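Working notes for the structure below.
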Protein chains: 2
Amino acid sequence: MASTPGVSAVPATLRYQQGALFLLDQRRLPGRCVEVRCSSATEVATAIRDMVVRGAPAIGAAAAYGVAIAAREVARRGGSTAELVAGTAAAAAELRDARPTASNLALAVDRMCAVAGAAVLDGAGRDTIADGLEHAADSLARFEVEASLRMGRLAADLLPGMRSLLVHCNAGALATVGRGTALAAVYELFELGRLTMTYVGETRPRLQGARLTAFELAQAGIPHTLIVDSLAATLMRRGLVDAVLVGADRVAANGDVANKVGTYALAVACHHHRVPLIVVAPTTTVDPTCPDGASIPIEVRDAAEIVMCGGEAAAPASTPVLNEAFDITPAHLVHALVTERGVVSPLGAESIAALLTPA
Amino acid sequence: MASTPGVSAVPATLRYQQGALFLLDQRRLPGRCVEVRCSSATEVATAIRDMVVRGAPAIGAAAAYGVAIAAREVARRGGSTAELVAGTAAAAAELRDARPTASNLALAVDRMCAVAGAAVLDGAGRDTIADGLEHAADSLARFEVEASLRMGRLAADLLPGMRSLLVHCNAGALATVGRGTALAAVYELFELGRLTMTYVGETRPRLQGARLTAFELAQAGIPHTLIVDSLAATLMRRGLVDAVLVGADRVAANGDVANKVGTYALAVACHHHRVPLIVVAPTTTVDPTCPDGASIPIEVRDAAEIVMCGGEAAAPASTPVLNEAFDITPAHLVHALVTERGVVSPLGAESIAALLTPA
């Protein structure tokens, strides 16, 4: 199995080969490393919805390949340019709706549609358009790999005293096509010999911290300790956490951050204990069309994710559940947003606008 | 199966019959309601250690019966008074060590030893001593039932606007021999027609909120919604939580509170959102010999509780884990301590001393 660029010990989240997208099935980790083969946009959309692949940058890249696969399929069976445009548009719509919260997904799909549209306007033939979309998806994936390395370096340099960190969910190689976002900084600090401990919140209900982050860090030989999410505040009180590093699923124009449920509770605990909360995310996660956190759609997932725990019923089957997969952290509780273009601190409408303005 | 005094819909946590203690096996809930029969002090100690019975008041009552069983056993086989004293003392030591954090356990065992000691000094025979210990255990259980009802009334009257509550772990009928501590207030408010919602934190790692509290509230027909622990802060931010009610495993002389892991994170979130945190616990939970939270021993339980989730390995088997079962909330973050003797607010060394001073 191929490995992740920049973290050779971790299997690759996704790879594109001969018209098909191979996704590492993250639902089976850490027990099994198996790939799911997607040979249509619908299969990619289903894989995103079912969380075969997850993590905002990774689902963006997967969706881009999904659009490319749709175009290639029309070209292969000799369809017309009009059919290719229609097929690409239908695939784009289906992929965009697969999950609601992460902005990378919509942005990647829009980018692919723009590439297709420009090629059609240029009068390109169907094979050229299909080639162009594959190149665009490759280029989006390459961008994420490079962004990951840059974010890791910037985040590691942000605060000199960061030796013992706490992370939430999985914002690592498995969430991206590179080294990750928050975990890119952990990899960087480890390589620099500056890391003493990574506390990993297990991240209920889907346990991405336990299943994915602990797996990634173990593969890479990085010191880590798994905790229940609710122990984090106590570790901060004891002075064991120099900084909390998280990724993001969407950053609004005013700097409010949508991320995995539990991030806001960590932000409040950080504020109380004067521990910096650092959000690491590529600019593809920033959504200037979303004015604030209240405008970000929060995905509500199935009750079974909480009622069932590892195949066993934890609560009575009919228990009413509120299962919001993400939460909103207001900008003022975030010490800094680290992107591939640089560090934004403090977070707010002006600093976000400046980040997105081409130099 | 017998039901809990004051909550007829919930099966009884424990019952003593003909020299044996029958404990509802809380590890099997909500799937199965079965009892474990303990006919020796060692079996009671094992049941406490393995969490067949849990909840500070319930393990106190169970341990008291454990001492009574040891005395009855010596009396039955015709042992001498000296043997009875030795057997009782050995049982007391074994039971006291079964779990470290809850103060009710040590207090109940000490109380039983005092009763045995007084009877021996009075020149009582072995059967009289054994009878006296059974009566003492019964009386301790009755005290908890009455304390539970009084605490429920006092807590319900504490704040007029409490309609939507959040609770953590299980501080209900299943944690006591009565209606519970924090949940006693929920039952009371429900009966008064003043309760609109009870948000139940699932309480990782052992999921007592999901397995026990959701079960109890469903049995009693009380409105409730199960959430992951890390969503609580977001609900507070939305104004959905009027108060957080929790029980306690030990309250130190300065008012610091040891309770289920996650309580401190809730306390910090309460403080941030100006939501009152109310601790409901009988005076048997207050330990005047423990000066502060730092002196309370915190039980560290097996890594498997976190690594394994419902029979499945969530994290790689060798993952380093920190599994502290309890945490400490400093007195200043607690709005009030509600005991059967009255309400203490603010919490501190003076108010705690006044609570424990006989009128």
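Each chain in the structure tokens gets a letter, A, B and so on, in the order shown; residues start at 1 in every chain, and ligands are counted from 1 in the order they appear.
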Looking only at the backbone, which of the residues in stretch 197-245 of chain A does DSSP tag as helix (DSSP H, G or I), as a list of chain:residue names? A:Gln208, A:Gly209, A:Ala210, A:Arg211, A:Leu212, A:Thr213, A:Ala214, A:Phe215, A:Glu216, A:Leu217, A:Ala218, A:Gln219, A:Ala220, A:Asp229, A:Ser230, A:Leu231, A:Ala232, A:Ala233, A:Thr234, A:Leu235, A:Met236, A:Arg237
Distance-based interface of chain B with chain A, 6 Å, counting only C-alpha atoms, as a short mmCIF file (atom, residue, chain, number, x, y, z; two decimals) with N, CA and C atoms, in the first residue's frame:
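Heads up, here's the output in part23.cif:
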```
data_model
loop_
_atom_site.label_atom_id
_atom_site.label_comp_id
_atom_site.auth_asym_id
_atom_site.auth_seq_id
_atom_site.Cartn_x
_atom_site.Cartn_y
_atom_site.Cartn_z
N ALA B 210 -25.21 7.13 29.52
CA ALA B 210 -25.97 6.43 28.48
C ALA B 210 -26.62 5.16 29.04
N ARG B 211 -25.82 4.38 29.75
CA ARG B 211 -26.30 3.06 30.17
C ARG B 211 -27.27 3.13 31.35
N THR B 225 -32.41 13.86 26.70
CA THR B 225 -31.68 13.81 25.44
C THR B 225 -30.24 13.45 25.75
N LEU B 226 -29.76 12.41 25.09
CA LEU B 226 -28.39 11.94 25.31
C LEU B 226 -27.42 12.70 24.39
N ILE B 227 -26.30 13.10 24.93
CA ILE B 227 -25.28 13.81 24.14
C ILE B 227 -23.90 13.24 24.46
N SER B 230 -18.70 16.15 25.20
CA SER B 230 -18.07 17.36 24.69
C SER B 230 -19.05 18.32 24.02
N LEU B 231 -20.33 17.95 23.92
CA LEU B 231 -21.32 18.88 23.36
C LEU B 231 -21.90 19.81 24.43
N ALA B 233 -20.80 22.12 26.47
CA ALA B 233 -20.45 23.54 26.45
C ALA B 233 -21.23 24.28 25.37
N GLY B 262 -14.79 14.52 33.97
CA GLY B 262 -15.64 15.34 33.12
C GLY B 262 -16.38 16.40 33.90
N ALA B 265 -14.48 19.75 33.64
CA ALA B 265 -14.69 20.40 32.34
C ALA B 265 -16.06 21.08 32.32
N CYS B 309 -13.94 -0.31 23.17
CA CYS B 309 -15.20 0.42 23.23
C CYS B 309 -16.28 -0.56 22.83
N GLY B 310 -17.05 -1.03 23.82
CA GLY B 310 -18.14 -1.97 23.53
C GLY B 310 -17.65 -3.24 22.86
N GLU B 312 -15.10 -3.77 21.03
CA GLU B 312 -14.23 -3.57 19.87
C GLU B 312 -13.02 -2.73 20.28
N ALA B 314 -10.95 0.25 19.94
CA ALA B 314 -11.06 1.55 19.29
C ALA B 314 -9.68 2.04 18.88
N ALA B 315 -8.70 1.87 19.75
CA ALA B 315 -7.34 2.33 19.47
C ALA B 315 -6.44 1.10 19.35
N PRO B 320 -0.68 4.06 24.75
CA PRO B 320 -0.58 4.55 26.14
C PRO B 320 -1.83 5.36 26.48
N VAL B 321 -2.36 5.13 27.68
CA VAL B 321 -3.63 5.73 28.08
C VAL B 321 -3.49 6.33 29.47
N LEU B 322 -4.15 7.44 29.72
CA LEU B 322 -4.30 7.96 31.08
C LEU B 322 -5.80 7.92 31.39
#
```
Between atom CA of A:Pro11 and atom CA of A:Glu305, measure the distance and give it in Å to one decimal.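 Here the two named atoms are 25.8 Å from each other.
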Quick one: everything within 10 Å of B:Ala70, counting only C-alpha atoms, minus sequence neighbours fewer than 3 positions away in the same chain. Send it as a list in words. Gly19, Ser39, Ser40, Ala41, Thr42, Tyr65, Gly66, Val67, Glu73, Val74, Ala75, Leu84, Val85, Ala86, Gly87, Thr88, Ala89, Ala90, Ala91, Ala92, Ala130 and Leu133 of chain B
Distance atom CA of A:Asn254-atom CA of A:Pro291, one decimal place?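 Atom CA of A:Pro291 lies 6.1 Å from atom CA of A:Asn254.
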So how many Å separate atom CA of B:Val10 and atom CA of B:Phe190, to one decimal?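 According to the coordinates, atom CA of B:Val10 and atom CA of B:Phe190 are separated by 15.5 Å.
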Please report as a tab-separated table every residue of stretch 259-332 of chain B lying within 6 Å of stretch 101-116 of chain B, along with the nearest atom pair and their distance in Å (one decimal), using only C-alpha atoms.
```
residue	atom	partner	partner_atom	distance
B:Thr284	CA	B:Asn104	CA	5.5
B:Thr285	CA	B:Asn104	CA	5.3
B:Pro297	CA	B:Thr101	CA	5.6
B:Ile298	CA	B:Thr101	CA	5.7
```
With a distance cut-off of 9 Å and only C-alpha atoms, select the neighbouring residues of A:Val53, excluding the residue or stretch itself and same-chain residues fewer than 5 positions from it, and output the selection as a tab-separated table (two decimals) with N, CA, C and O atoms, in the first residue's frame.
```tsv
chain	number	residue	atom	x	y	z
A	13	THR	N	-4.01	8.23	2.34
A	13	THR	CA	-5.45	8.42	2.47
A	13	THR	C	-6.16	8.13	1.16
A	13	THR	O	-7.23	7.54	1.15
A	14	LEU	N	-5.56	8.58	0.05
A	14	LEU	CA	-6.19	8.36	-1.25
A	14	LEU	C	-5.13	8.32	-2.35
A	14	LEU	O	-4.05	8.90	-2.21
A	23	LEU	N	-9.52	4.72	-1.90
A	23	LEU	CA	-9.58	5.40	-0.61
A	23	LEU	C	-9.26	4.40	0.50
A	23	LEU	O	-9.86	3.32	0.56
A	24	LEU	N	-8.35	4.78	1.40
A	24	LEU	CA	-8.09	3.96	2.59
A	24	LEU	C	-9.37	3.98	3.42
A	24	LEU	O	-9.88	5.06	3.76
A	25	ASP	N	-9.93	2.82	3.75
A	25	ASP	CA	-11.19	2.79	4.49
A	25	ASP	C	-10.93	3.10	5.97
A	25	ASP	O	-10.55	2.23	6.75
A	26	GLN	N	-11.16	4.37	6.34
A	26	GLN	CA	-10.80	4.83	7.68
A	26	GLN	C	-11.74	4.28	8.75
A	26	GLN	O	-11.42	4.33	9.94
A	27	ARG	N	-12.87	3.72	8.32
A	27	ARG	CA	-13.78	3.12	9.30
A	27	ARG	C	-13.21	1.82	9.84
A	27	ARG	O	-13.61	1.36	10.91
A	47	ALA	N	-18.79	7.23	-0.49
A	47	ALA	CA	-17.63	7.03	0.40
A	47	ALA	C	-17.43	8.24	1.32
A	47	ALA	O	-17.07	8.09	2.49
A	48	ILE	N	-17.69	9.43	0.78
A	48	ILE	CA	-17.57	10.64	1.61
A	48	ILE	C	-18.67	10.65	2.67
A	48	ILE	O	-18.43	10.89	3.85
A	58	ALA	N	-9.02	16.18	2.91
A	58	ALA	CA	-9.08	14.90	2.19
A	58	ALA	C	-10.38	14.76	1.42
A	58	ALA	O	-10.38	14.27	0.28
A	59	ILE	N	-11.51	15.19	2.01
A	59	ILE	CA	-12.75	15.05	1.25
A	59	ILE	C	-12.79	16.05	0.09
A	59	ILE	O	-13.39	15.76	-0.95
A	62	ALA	N	-10.78	14.20	-2.56
A	62	ALA	CA	-11.55	13.05	-3.06
A	62	ALA	C	-12.65	13.52	-4.00
A	62	ALA	O	-12.88	12.91	-5.06
A	174	LEU	N	-4.16	11.28	7.79
A	174	LEU	CA	-5.37	10.59	7.35
A	174	LEU	C	-6.50	11.55	7.03
A	174	LEU	O	-7.49	11.16	6.40
A	175	ALA	N	-6.39	12.81	7.47
A	175	ALA	CA	-7.44	13.79	7.21
A	175	ALA	C	-7.13	14.61	5.96
A	175	ALA	O	-7.92	15.43	5.53
```
Need the shell around A:Val286: protein/DNA/RNA residues with any atom at most 6 Å away, counting only C-alpha atoms. Skip same-chain ones fewer than 3 positions apart. Format as a PDB file with N, CA and C atoms, in the first residue's frame?
```pdb
ATOM      1  N   ARG A 250     -14.506  24.454   8.562  1.00  0.00           N
ATOM      2  CA  ARG A 250     -14.797  25.691   7.850  1.00  0.00           C
ATOM      3  C   ARG A 250     -14.454  26.868   8.764  1.00  0.00           C
ATOM      4  N   VAL A 251     -13.842  27.894   8.183  1.00  0.00           N
ATOM      5  CA  VAL A 251     -13.581  29.126   8.925  1.00  0.00           C
ATOM      6  C   VAL A 251     -14.403  30.216   8.252  1.00  0.00           C
ATOM      7  N   THR A 283      -6.003  27.583   3.426  1.00  0.00           N
ATOM      8  CA  THR A 283      -6.961  28.636   3.044  1.00  0.00           C
ATOM      9  C   THR A 283      -8.165  28.051   2.320  1.00  0.00           C
TER      10      THR A 283
END
```
